[in-house]
Amino acid sequence: MRLRNRKKVVALSVAAILVLGLAGFLTLRYLEHARLVNHGKPEAPLPVVSVTEIADRYDVIVAGTDPEGVTAAVSAARNGLKVLLVDGHDRSVLGGLMTVGWLNMIDPSYSPKQPLFLPQLREKKQLNKGLFYEWYDHFGESAFDVNTAANLFYGMVKAESNIDLLMKTQAMVPLTETRGDRIAVTGMNLTLQDGSRKKVLASAVIDATQNADVAADAGAEFTVGREDIGDTNSRMASTLVFRMSGMTQEIWEKLGKREDAGIDRMSSWGYKEAQEYVSSDPAKVKMRGLNIGRQNDGTILINALLLFGVDPLDPESVRQGIAVGTQEAPKIVEFLKQRFPEMASLEYDGVASELYVRESRHLQAEYRLKLADVMENRTHWDDIAYGSYAVDIQSTSDGRIGTVLMQPSQYGVPLRTLVPRGVDGLLVVGRSAGFDTVPHGSARTIPVGMATGQAAGAAVKLALEGNMSLRELSGSKEQVEALQQRLRKQGMDLSMPDLPQPAFMQHKDYPGMLIAANMYLTSGGYNNDGWGMDNEANVRRFFNAVRVMRSLHPDFFPGDMQSALAGTDGTSTDPLSLETAAKLIASAMDLSPPEGGALEILVADGWLRQETLDRIADKEKLTNGDYYSLIGDLAPHFLPEDESETPLK
């Protein structure tokens, strides 16, 4: 009897375990399914109504209705200023790149300090907050429905009685006057939709156009593309987002089961096989891995079509780029349907009406954000926003692939990056602000731009209160502190945690590595572990590095390196010796040292420092870090002083 009872207990226990296991399995399946269900409802775009009576004067004119312009206008209005928000495109909704260009995935700047308790079940903390979060919090996802986003932007603007909104202007030309040795912006000449013209005066103008067109017309100085590192030919690829219809919940969940894909409720990414698409014209079009943003109407938006050779400052070149992408997109969709069975039932459903341009002008501002700022998680006394998105460098041609240069923890964006040198009465927000081309790969993201827009709107108010120019305000620690205090009261998070020094900064060869990274000669990747400073260098890698420097700075490197390779073609993977490195450098500089005397002449003439050579442990087998340091010695001779800046210790 006792044995029979024991067996009964065991059987019941096993049954209970099986039931609990099945219940747990079903619960997990349900939670995973629920995690991926989009509850959003389709929305029609609200009709955007322009002001009927344009005043002769405003406190501030905001040029551009991209997200940065919306936040600048709303911020200025909430600070009590009378605002004219002007759109210079034939747009019917607000939001620009995100809503008309269909770039509906957020590139977030997450805080380095995240919740420790059950972080996977809690929303990740983002930097800055403020107006960006006021908008973002309505959907709180990694991607958004573009109509919903446009309506939210319009709702924010419409709620402010101090904002006059003017859409579809044909031209926006800044009014300027000369004050001493400076240019001052005093308003704008507007050509309205019907062709009539209106002169509008303003105490300040905030340029939130993607390419800083207003600032350029006013006489502000810029570098273009990679000009600041010596590359005057390359342009980061543009993208034309295309749409596919027929997405269902079942298909969405299947997409997330691919090994190389990530997925959440509104976005999915990966699908590296998309790179295998055979382009109709590889010199103009290429595919990369997919970024897929979900919409509430059963469509998806795909950011993956790279366009080369588009000049973002030439409207005709932009039109041609859109035409090339429009012709290629249906072919890409057919390829995707065949390559990814989950997509077989989806259909091509058009392209965005605006191009996603990643880079054009870079403002010569009172301060230019440098790569060292981003890599070293620097703060500045006048920070008005923070970033932490990876330094994401896209392809520039079919043969020059993009890279993730590194992943910062948190760095500050100074107010001075918005202030043009030589032009008063003007601030520039968004990707064309004062960012060097390499750190621009992180700072160009829209959440950072929206934070700078909010700061710009408040800064104009503070300048008017103090009867000072925007430049004077940006140089006053007292006034900037007052601005930061005001921004905090208006919902911005301007806190900076104590962060440990990045491990790579503690390496003896870091100063040289920083300079090499600024020329795309090395990268650390998402985990900052790809620098390889202690890895053994080889002849080919150093030859290619010097060849890149020659292409960027031909005046300093006019020579032919082939003569230094003694019959090889630069493809040797043999260890790099100090003597070979010196011969390659001397040959590239077109020096003519005696046989075996390259190193001696480079040191004697001050091109290389003896202390750098003394730190090399094995002169027959240099490490990558060793040759980064050699580059670091050379750099002050061919880089402008502010680009060869010594890193912080």
# chains A, B, ... in the order shown; residues from 1 in each chain; ligands from 1

$ residues_around --residues "A:Arg294" --least-positions-apart "2" --cutoff "6 Å" --atoms "only C-alpha atoms" --output "ChimeraX atom specification"
/A:266-267,300

$ closest_atom_pairs --of "stretch 150-256 of chain A" --to "stretch 61-83 of chain A" --cutoff "6 Å" --atoms "only C-alpha atoms" --output "JSON lines"
{"residue": "A:Asn162", "atom": "CA", "partner": "A:Lys82", "partner_atom": "CA", "distance": 5.0}
{"residue": "A:Ile163", "atom": "CA", "partner": "A:Val83", "partner_atom": "CA", "distance": 4.7}
{"residue": "A:Val205", "atom": "CA", "partner": "A:Ile61", "partner_atom": "CA", "distance": 4.8}
{"residue": "A:Ile206", "atom": "CA", "partner": "A:Val62", "partner_atom": "CA", "distance": 4.8}
{"residue": "A:Asp207", "atom": "CA", "partner": "A:Ala63", "partner_atom": "CA", "distance": 5.1}
{"residue": "A:Ala208", "atom": "CA", "partner": "A:Gly69", "partner_atom": "CA", "distance": 4.9}
{"residue": "A:Thr209", "atom": "CA", "partner": "A:Gly64", "partner_atom": "CA", "distance": 4.7}

$ closest_residue --among "A:Ala503, A:Leu369, A:Leu240, A:Leu494" --to "A:Arg319" --atoms "only C-alpha atoms"
A:Leu240

$ closest_residue --among "A:Gln249, A:Leu192, A:Leu97, A:Leu521" --to "A:Ala34" --atoms "only C-alpha atoms"
A:Gln249

$ residues_around --residues "A:Ile401" --least-positions-apart "6" --cutoff "12 Å" --atoms "only C-alpha atoms" --output "CSV table (one decimal) with all heavy atoms, in the first residue's frame"
chain,number,residue,atom,x,y,z
A,234,SER,N,35.4,62.3,-51.5
A,234,SER,CA,34.4,61.3,-51.0
A,234,SER,C,33.2,62.0,-50.3
A,234,SER,O,33.3,63.0,-49.7
A,234,SER,CB,35.1,60.4,-50.0
A,234,SER,OG,36.2,59.7,-50.6
A,236,MET,N,29.7,60.6,-48.1
A,236,MET,CA,29.0,59.5,-47.4
A,236,MET,C,27.7,59.2,-48.3
A,236,MET,O,27.1,60.1,-48.7
A,236,MET,CB,28.6,59.8,-46.0
A,236,MET,CG,28.4,58.6,-45.1
A,236,MET,SD,27.9,59.0,-43.4
A,236,MET,CE,29.3,59.9,-42.8
A,237,ALA,N,27.5,57.9,-48.5
A,237,ALA,CA,26.3,57.5,-49.3
A,237,ALA,C,25.0,58.1,-48.8
A,237,ALA,O,24.8,58.2,-47.5
A,237,ALA,CB,26.2,56.0,-49.3
A,275,GLN,N,23.2,42.3,-48.8
A,275,GLN,CA,24.4,42.9,-49.5
A,275,GLN,C,24.7,42.2,-50.8
A,275,GLN,O,25.5,42.7,-51.6
A,275,GLN,CB,25.5,42.9,-48.5
A,275,GLN,CG,25.3,43.6,-47.2
A,275,GLN,CD,26.5,43.5,-46.3
A,275,GLN,OE1,27.6,43.7,-46.6
A,275,GLN,NE2,26.2,43.1,-45.0
A,286,LYS,N,24.1,50.4,-54.3
A,286,LYS,CA,24.5,49.3,-53.5
A,286,LYS,C,23.5,49.0,-52.4
A,286,LYS,O,22.9,49.9,-51.9
A,286,LYS,CB,25.9,49.5,-53.0
A,286,LYS,CG,26.5,48.4,-52.2
A,286,LYS,CD,27.9,48.8,-51.6
A,286,LYS,CE,28.5,47.7,-50.8
A,286,LYS,NZ,29.8,48.1,-50.2
A,287,MET,N,23.4,47.7,-52.0
A,287,MET,CA,22.6,47.4,-50.9
A,287,MET,C,23.5,47.0,-49.7
A,287,MET,O,24.6,46.4,-49.9
A,287,MET,CB,21.7,46.2,-51.2
A,287,MET,CG,20.5,46.6,-52.0
A,287,MET,SD,19.3,47.5,-50.9
A,287,MET,CE,18.6,46.2,-49.9
A,288,ARG,N,23.0,47.3,-48.5
A,288,ARG,CA,23.7,46.8,-47.3
A,288,ARG,C,22.6,46.0,-46.5
A,288,ARG,O,21.5,45.7,-47.0
A,288,ARG,CB,24.1,48.0,-46.4
A,288,ARG,CG,23.0,48.9,-46.0
A,288,ARG,CD,23.3,49.9,-44.9
A,288,ARG,NE,22.1,50.4,-44.3
A,288,ARG,CZ,22.1,51.4,-43.5
A,288,ARG,NH1,23.2,52.1,-43.3
A,288,ARG,NH2,21.0,51.8,-42.9
A,306,LEU,N,21.8,52.2,-50.8
A,306,LEU,CA,22.8,53.2,-50.7
A,306,LEU,C,23.0,53.8,-52.1
A,306,LEU,O,23.2,53.1,-53.1
A,306,LEU,CB,24.2,52.7,-50.2
A,306,LEU,CG,24.1,52.1,-48.8
A,306,LEU,CD1,25.5,51.5,-48.5
A,306,LEU,CD2,23.7,53.1,-47.8
A,308,PHE,N,25.5,56.4,-54.4
A,308,PHE,CA,26.8,57.0,-54.4
A,308,PHE,C,26.8,58.2,-55.4
A,308,PHE,O,26.1,58.2,-56.4
A,308,PHE,CB,27.9,56.0,-54.8
A,308,PHE,CG,27.9,54.8,-53.8
A,308,PHE,CD1,27.7,53.6,-54.3
A,308,PHE,CD2,28.2,55.0,-52.5
A,308,PHE,CE1,27.7,52.5,-53.4
A,308,PHE,CE2,28.2,54.0,-51.6
A,308,PHE,CZ,28.0,52.7,-52.1
A,392,ASP,N,29.1,56.1,-36.5
A,392,ASP,CA,28.6,55.3,-37.6
A,392,ASP,C,29.0,55.9,-38.9
A,392,ASP,O,28.5,56.9,-39.3
A,392,ASP,CB,27.1,55.1,-37.5
A,392,ASP,CG,26.6,54.2,-38.6
A,392,ASP,OD1,27.4,53.5,-39.3
A,392,ASP,OD2,25.3,54.1,-38.8
A,393,ILE,N,30.0,55.4,-39.6
A,393,ILE,CA,30.5,55.9,-40.9
A,393,ILE,C,30.0,55.0,-42.0
A,393,ILE,O,30.4,53.8,-42.1
A,393,ILE,CB,32.0,56.0,-40.9
A,393,ILE,CG1,32.6,56.7,-39.6
A,393,ILE,CG2,32.5,56.7,-42.1
A,393,ILE,CD1,32.1,58.1,-39.4
A,394,GLN,N,29.2,55.6,-42.9
A,394,GLN,CA,28.7,54.8,-44.0
A,394,GLN,C,29.6,54.8,-45.2
A,394,GLN,O,30.6,55.6,-45.3
A,394,GLN,CB,27.3,55.4,-44.5
A,394,GLN,CG,26.2,55.3,-43.4
A,394,GLN,CD,25.8,53.9,-43.2
A,394,GLN,OE1,25.7,53.1,-44.2
A,394,GLN,NE2,25.6,53.5,-42.0
A,395,SER,N,29.4,53.9,-46.1
A,395,SER,CA,30.2,53.7,-47.3
A,395,SER,C,30.3,55.0,-48.1
A,395,SER,O,29.3,55.8,-48.1
A,395,SER,CB,29.6,52.6,-48.2
A,395,SER,OG,29.6,51.4,-47.6
A,520,TYR,N,40.4,57.4,-40.5
A,520,TYR,CA,39.8,56.1,-40.8
A,520,TYR,C,40.9,55.0,-41.1
A,520,TYR,O,40.6,54.1,-41.8
A,520,TYR,CB,38.9,56.2,-42.0
A,520,TYR,CG,37.8,57.2,-41.9
A,520,TYR,CD1,37.7,58.3,-42.7
A,520,TYR,CD2,36.8,57.0,-41.0
A,520,TYR,CE1,36.7,59.2,-42.6
A,520,TYR,CE2,35.7,57.9,-40.9
A,520,TYR,CZ,35.7,59.0,-41.7
A,520,TYR,OH,34.7,59.9,-41.5

$ decode --residues "stretch 333-463 of chain A" --atoms "C-alpha atoms" --output "PDB file, in the first residue's frame"
ATOM      1  CA  VAL A 333      12.271  44.156 -53.707  1.00  0.00           C
ATOM      2  CA  GLU A 334      12.131  41.217 -56.126  1.00  0.00           C
ATOM      3  CA  PHE A 335      15.573  40.123 -54.927  1.00  0.00           C
ATOM      4  CA  LEU A 336      14.497  40.342 -51.268  1.00  0.00           C
ATOM      5  CA  LYS A 337      11.355  38.311 -51.957  1.00  0.00           C
ATOM      6  CA  GLN A 338      13.438  35.551 -53.501  1.00  0.00           C
ATOM      7  CA  ARG A 339      16.295  35.617 -51.000  1.00  0.00           C
ATOM      8  CA  PHE A 340      14.144  35.826 -47.848  1.00  0.00           C
ATOM      9  CA  PRO A 341      11.180  33.409 -47.995  1.00  0.00           C
ATOM     10  CA  GLU A 342       9.438  35.333 -45.209  1.00  0.00           C
ATOM     11  CA  MET A 343       9.113  38.286 -47.592  1.00  0.00           C
ATOM     12  CA  ALA A 344       7.785  36.329 -50.555  1.00  0.00           C
ATOM     13  CA  SER A 345       4.213  37.599 -50.210  1.00  0.00           C
ATOM     14  CA  LEU A 346       5.172  41.259 -49.718  1.00  0.00           C
ATOM     15  CA  GLU A 347       4.937  43.764 -52.559  1.00  0.00           C
ATOM     16  CA  TYR A 348       6.818  46.868 -53.663  1.00  0.00           C
ATOM     17  CA  ASP A 349       4.933  49.985 -52.565  1.00  0.00           C
ATOM     18  CA  GLY A 350       6.962  53.024 -53.613  1.00  0.00           C
ATOM     19  CA  VAL A 351       9.807  55.207 -52.367  1.00  0.00           C
ATOM     20  CA  ALA A 352      10.099  58.272 -50.144  1.00  0.00           C
ATOM     21  CA  SER A 353       9.760  61.653 -51.815  1.00  0.00           C
ATOM     22  CA  GLU A 354      12.894  62.997 -50.103  1.00  0.00           C
ATOM     23  CA  LEU A 355      16.407  61.592 -49.978  1.00  0.00           C
ATOM     24  CA  TYR A 356      18.123  60.674 -46.731  1.00  0.00           C
ATOM     25  CA  VAL A 357      21.366  62.672 -46.936  1.00  0.00           C
ATOM     26  CA  ARG A 358      23.782  61.845 -44.136  1.00  0.00           C
ATOM     27  CA  GLU A 359      26.384  64.546 -44.558  1.00  0.00           C
ATOM     28  CA  SER A 360      26.953  67.795 -46.392  1.00  0.00           C
ATOM     29  CA  ARG A 361      28.149  70.984 -44.691  1.00  0.00           C
ATOM     30  CA  HIS A 362      29.958  71.218 -41.345  1.00  0.00           C
ATOM     31  CA  LEU A 363      29.747  74.638 -39.720  1.00  0.00           C
ATOM     32  CA  GLN A 364      32.926  76.499 -38.818  1.00  0.00           C
ATOM     33  CA  ALA A 365      31.573  77.255 -35.385  1.00  0.00           C
ATOM     34  CA  GLU A 366      32.972  78.924 -32.305  1.00  0.00           C
ATOM     35  CA  TYR A 367      33.820  75.352 -31.294  1.00  0.00           C
ATOM     36  CA  ARG A 368      34.005  72.261 -33.509  1.00  0.00           C
ATOM     37  CA  LEU A 369      33.239  68.913 -31.917  1.00  0.00           C
ATOM     38  CA  LYS A 370      36.345  66.733 -32.303  1.00  0.00           C
ATOM     39  CA  LEU A 371      36.845  62.994 -32.336  1.00  0.00           C
ATOM     40  CA  ALA A 372      38.732  63.292 -29.039  1.00  0.00           C
ATOM     41  CA  ASP A 373      35.583  64.776 -27.470  1.00  0.00           C
ATOM     42  CA  VAL A 374      33.604  61.689 -28.406  1.00  0.00           C
ATOM     43  CA  MET A 375      36.250  59.041 -27.764  1.00  0.00           C
ATOM     44  CA  GLU A 376      37.191  60.457 -24.370  1.00  0.00           C
ATOM     45  CA  ASN A 377      33.604  61.150 -23.201  1.00  0.00           C
ATOM     46  CA  ARG A 378      34.498  64.795 -22.686  1.00  0.00           C
ATOM     47  CA  THR A 379      32.319  67.390 -21.046  1.00  0.00           C
ATOM     48  CA  HIS A 380      32.493  71.133 -21.722  1.00  0.00           C
ATOM     49  CA  TRP A 381      31.512  74.110 -19.609  1.00  0.00           C
ATOM     50  CA  ASP A 382      28.793  75.014 -22.131  1.00  0.00           C
ATOM     51  CA  ASP A 383      27.236  71.612 -22.863  1.00  0.00           C
ATOM     52  CA  ILE A 384      23.586  71.907 -23.855  1.00  0.00           C
ATOM     53  CA  ALA A 385      23.069  68.315 -25.085  1.00  0.00           C
ATOM     54  CA  TYR A 386      24.682  64.899 -24.849  1.00  0.00           C
ATOM     55  CA  GLY A 387      25.266  62.047 -27.249  1.00  0.00           C
ATOM     56  CA  SER A 388      26.254  58.400 -26.993  1.00  0.00           C
ATOM     57  CA  TYR A 389      25.324  56.864 -30.350  1.00  0.00           C
ATOM     58  CA  ALA A 390      28.084  54.918 -32.096  1.00  0.00           C
ATOM     59  CA  VAL A 391      30.329  56.771 -34.564  1.00  0.00           C
ATOM     60  CA  ASP A 392      28.639  55.275 -37.618  1.00  0.00           C
ATOM     61  CA  ILE A 393      30.513  55.910 -40.881  1.00  0.00           C
ATOM     62  CA  GLN A 394      28.675  54.824 -44.025  1.00  0.00           C
ATOM     63  CA  SER A 395      30.204  53.733 -47.318  1.00  0.00           C
ATOM     64  CA  THR A 396      31.489  56.393 -49.681  1.00  0.00           C
ATOM     65  CA  SER A 397      31.764  54.233 -52.783  1.00  0.00           C
ATOM     66  CA  ASP A 398      31.342  50.613 -53.830  1.00  0.00           C
ATOM     67  CA  GLY A 399      34.941  49.891 -52.911  1.00  0.00           C
ATOM     68  CA  ARG A 400      35.108  51.818 -49.623  1.00  0.00           C
ATOM     69  CA  ILE A 401      32.879  50.192 -47.044  1.00  0.00           C
ATOM     70  CA  GLY A 402      31.517  51.864 -43.959  1.00  0.00           C
ATOM     71  CA  THR A 403      32.461  51.096 -40.398  1.00  0.00           C
ATOM     72  CA  VAL A 404      31.474  51.618 -36.796  1.00  0.00           C
ATOM     73  CA  LEU A 405      34.497  53.549 -35.603  1.00  0.00           C
ATOM     74  CA  MET A 406      33.756  53.306 -31.879  1.00  0.00           C
ATOM     75  CA  GLN A 407      31.086  53.445 -29.184  1.00  0.00           C
ATOM     76  CA  PRO A 408      31.185  56.383 -26.756  1.00  0.00           C
ATOM     77  CA  SER A 409      29.611  56.252 -23.306  1.00  0.00           C
ATOM     78  CA  GLN A 410      28.457  59.898 -23.138  1.00  0.00           C
ATOM     79  CA  TYR A 411      29.933  63.115 -24.498  1.00  0.00           C
ATOM     80  CA  GLY A 412      28.851  66.729 -24.345  1.00  0.00           C
ATOM     81  CA  VAL A 413      27.747  68.981 -27.207  1.00  0.00           C
ATOM     82  CA  PRO A 414      28.733  72.608 -26.497  1.00  0.00           C
ATOM     83  CA  LEU A 415      26.502  75.585 -27.225  1.00  0.00           C
ATOM     84  CA  ARG A 416      29.425  77.035 -29.202  1.00  0.00           C
ATOM     85  CA  THR A 417      28.977  74.315 -31.867  1.00  0.00           C
ATOM     86  CA  LEU A 418      25.760  76.104 -32.888  1.00  0.00           C
ATOM     87  CA  VAL A 419      27.327  79.568 -33.219  1.00  0.00           C
ATOM     88  CA  PRO A 420      28.890  80.465 -36.599  1.00  0.00           C
ATOM     89  CA  ARG A 421      32.237  82.211 -36.658  1.00  0.00           C
ATOM     90  CA  GLY A 422      31.868  85.622 -38.222  1.00  0.00           C
ATOM     91  CA  VAL A 423      28.055  85.787 -38.358  1.00  0.00           C
ATOM     92  CA  ASP A 424      25.845  87.202 -35.601  1.00  0.00           C
ATOM     93  CA  GLY A 425      22.122  86.741 -35.015  1.00  0.00           C
ATOM     94  CA  LEU A 426      22.217  83.123 -36.182  1.00  0.00           C
ATOM     95  CA  LEU A 427      22.322  79.612 -34.712  1.00  0.00           C
ATOM     96  CA  VAL A 428      22.640  76.343 -36.650  1.00  0.00           C
ATOM     97  CA  VAL A 429      21.072  73.132 -35.305  1.00  0.00           C
ATOM     98  CA  GLY A 430      21.064  69.582 -36.646  1.00  0.00           C
ATOM     99  CA  ARG A 431      23.646  67.579 -38.544  1.00  0.00           C
ATOM    100  CA  SER A 432      25.273  70.610 -40.210  1.00  0.00           C
ATOM    101  CA  ALA A 433      26.265  72.235 -36.905  1.00  0.00           C
ATOM    102  CA  GLY A 434      29.913  72.519 -35.842  1.00  0.00           C
ATOM    103  CA  PHE A 435      30.923  68.860 -35.892  1.00  0.00           C
ATOM    104  CA  ASP A 436      34.102  67.547 -37.517  1.00  0.00           C
ATOM    105  CA  THR A 437      33.329  64.883 -40.108  1.00  0.00           C
ATOM    106  CA  VAL A 438      34.329  61.874 -37.973  1.00  0.00           C
ATOM    107  CA  PRO A 439      32.483  62.678 -34.700  1.00  0.00           C
ATOM    108  CA  HIS A 440      29.612  63.833 -36.911  1.00  0.00           C
ATOM    109  CA  GLY A 441      29.026  60.087 -37.433  1.00  0.00           C
ATOM    110  CA  SER A 442      27.542  60.081 -33.917  1.00  0.00           C
ATOM    111  CA  ALA A 443      26.387  63.668 -33.377  1.00  0.00           C
ATOM    112  CA  ARG A 444      24.351  63.787 -36.619  1.00  0.00           C
ATOM    113  CA  THR A 445      21.564  61.717 -35.066  1.00  0.00           C
ATOM    114  CA  ILE A 446      18.143  63.309 -34.711  1.00  0.00           C
ATOM    115  CA  PRO A 447      17.685  62.958 -30.911  1.00  0.00           C
ATOM    116  CA  VAL A 448      20.878  64.988 -30.429  1.00  0.00           C
ATOM    117  CA  GLY A 449      19.691  67.487 -33.041  1.00  0.00           C
ATOM    118  CA  MET A 450      16.330  67.897 -31.322  1.00  0.00           C
ATOM    119  CA  ALA A 451      18.115  68.604 -28.031  1.00  0.00           C
ATOM    120  CA  THR A 452      20.258  71.293 -29.680  1.00  0.00           C
ATOM    121  CA  GLY A 453      17.076  72.754 -31.188  1.00  0.00           C
ATOM    122  CA  GLN A 454      15.519  73.085 -27.750  1.00  0.00           C
ATOM    123  CA  ALA A 455      18.666  74.730 -26.429  1.00  0.00           C
ATOM    124  CA  ALA A 456      18.776  77.154 -29.369  1.00  0.00           C
ATOM    125  CA  GLY A 457      15.212  78.350 -28.767  1.00  0.00           C
ATOM    126  CA  ALA A 458      15.932  79.056 -25.119  1.00  0.00           C
ATOM    127  CA  ALA A 459      19.286  80.689 -25.926  1.00  0.00           C
ATOM    128  CA  VAL A 460      17.625  83.302 -28.130  1.00  0.00           C
ATOM    129  CA  LYS A 461      15.315  84.259 -25.271  1.00  0.00           C
ATOM    130  CA  LEU A 462      18.209  84.581 -22.840  1.00  0.00           C
ATOM    131  CA  ALA A 463      20.227  86.703 -25.291  1.00  0.00           C
TER     132      ALA A 463
END
